[in-house]
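Step one of this worksheet: look at the structure below.
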Amino acid sequence: MKLTHSRRIAAIVRAALLAAGFAVVLAAQPAAAAGSNNNGQQLYMLHCAGCHGISGISVVPDAKDFSRVELMAQPDQSLLNLIRSGRNMMPPYLGILSDQEIINVINHIRTLN
Ligand code: HEC
């Protein structure tokens with residue numbers, strides 16, 4: 001009886017911690033969106049995270065991680081060109097995202113490492 005009771009309390013504590021975790025994540029969202037990054041993070045989640053991962057660690061075999069220094073050392077313009085035109089498995093975003101939106105996404109990618 002006593003054991004069952006403490007198990008229930010443990011379950012309630014776990015649920016509360018989980019809820020608190022979600023609250024923190026939700027509270028963090030508007031702050032990120034309101035930053036200098038504009039909509040880059042949302043666009044990244046929508047268009048890129050499926051292959052490049054939420055944190056820039058690729059989930060498909062051929063895509064390189066954005067944490068690689070030599071990749072992100074490229075100027076905005078060459079990343080912009082690549083994202084516009086695509087390469088192999090990487091789809092082209094010309095006509096899907098505006099140049100400004102792509103720049104916002106690049107700014108977001110640069111925060112990932
Ligand atoms: C369908 C999966 C997929 C999606 C969606 C995708 N990518 Fe890629 N991306 C790849 C692959 C695969 C490569 C490697 C291409 C190659 O060199 O063969 C790549 C390469 C890149 C590179 C260049 C890496 C290098 O080697 O120089 C950048 C930058 C990049 N992606 C950004 C993005 C951005 C930004 C988005 C969203 C707007 C996006 N990708 C969406 C699969 C994807």
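By convention in this document, the chains of the structure tokens carry letters A, B, ... by their order, each chain's residues are numbered from 1, and ligands are numbered from 1 in the order they are shown.
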Protein and nucleic acid residues within 8 Å of ligand 1 (only C-alpha atoms and all ligand atoms) as a VMD selection string:
chain A and resid 43 to 44 46 to 52 60 to 66 71 to 72 79 to 80 82 to 83 86 to 91 93 97 102 105 to 106 109
Write the selection just made, keeping C-alpha atoms, as a CSV table (one decimal), in the first residue's frame?
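Final output, out_36.csv:
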```csv
chain,number,residue,atom,x,y,z
A,43,LEU,CA,11.5,28.1,-42.4
A,44,TYR,CA,14.4,25.9,-41.6
A,46,LEU,CA,9.6,23.5,-42.4
A,47,HIS,CA,11.9,23.0,-45.4
A,48,CYS,CA,15.3,21.8,-44.3
A,49,ALA,CA,15.2,20.0,-40.9
A,50,GLY,CA,13.7,16.9,-42.5
A,51,CYS,CA,17.0,16.1,-44.2
A,52,HIS,CA,19.5,18.3,-42.3
A,60,VAL,CA,20.1,11.7,-44.7
A,61,PRO,CA,23.3,10.0,-45.7
A,62,ASP,CA,24.6,12.5,-48.3
A,63,ALA,CA,24.0,15.8,-46.5
A,64,LYS,CA,26.9,17.3,-44.6
A,65,ASP,CA,26.5,18.5,-41.1
A,66,PHE,CA,26.2,22.3,-40.8
A,71,LEU,CA,31.0,24.4,-45.1
A,72,MET,CA,29.8,27.3,-43.1
A,79,LEU,CA,25.2,29.2,-49.9
A,80,LEU,CA,22.3,31.2,-51.4
A,82,LEU,CA,23.4,26.4,-53.8
A,83,ILE,CA,20.1,26.5,-51.9
A,86,GLY,CA,20.0,22.5,-55.3
A,87,ARG,CA,22.5,19.8,-55.9
A,88,ASN,CA,21.9,16.0,-56.4
A,89,MET,CA,19.5,15.0,-53.6
A,90,MET,CA,19.3,18.6,-52.3
A,91,PRO,CA,16.1,20.1,-53.9
A,93,TYR,CA,14.4,26.4,-53.5
A,97,LEU,CA,11.7,30.6,-50.9
A,102,ILE,CA,16.9,31.9,-47.8
A,105,VAL,CA,17.5,30.4,-43.1
A,106,ILE,CA,21.3,30.8,-43.7
A,109,ILE,CA,22.1,27.6,-39.9
```
Rounded to one decimal place, report the CA of Gly40 (chain A)-CA of Asn107 (chain A) distance in Å.
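CA of Asn107 (chain A) lies at a distance of 6.9 Å from CA of Gly40 (chain A).
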To one decimal in Å, tell me the separation between CA of Ser67 (chain A) and CA of Leu112 (chain A).
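About the pair CA of Ser67 (chain A) and CA of Leu112 (chain A): they are 6.8 Å apart.
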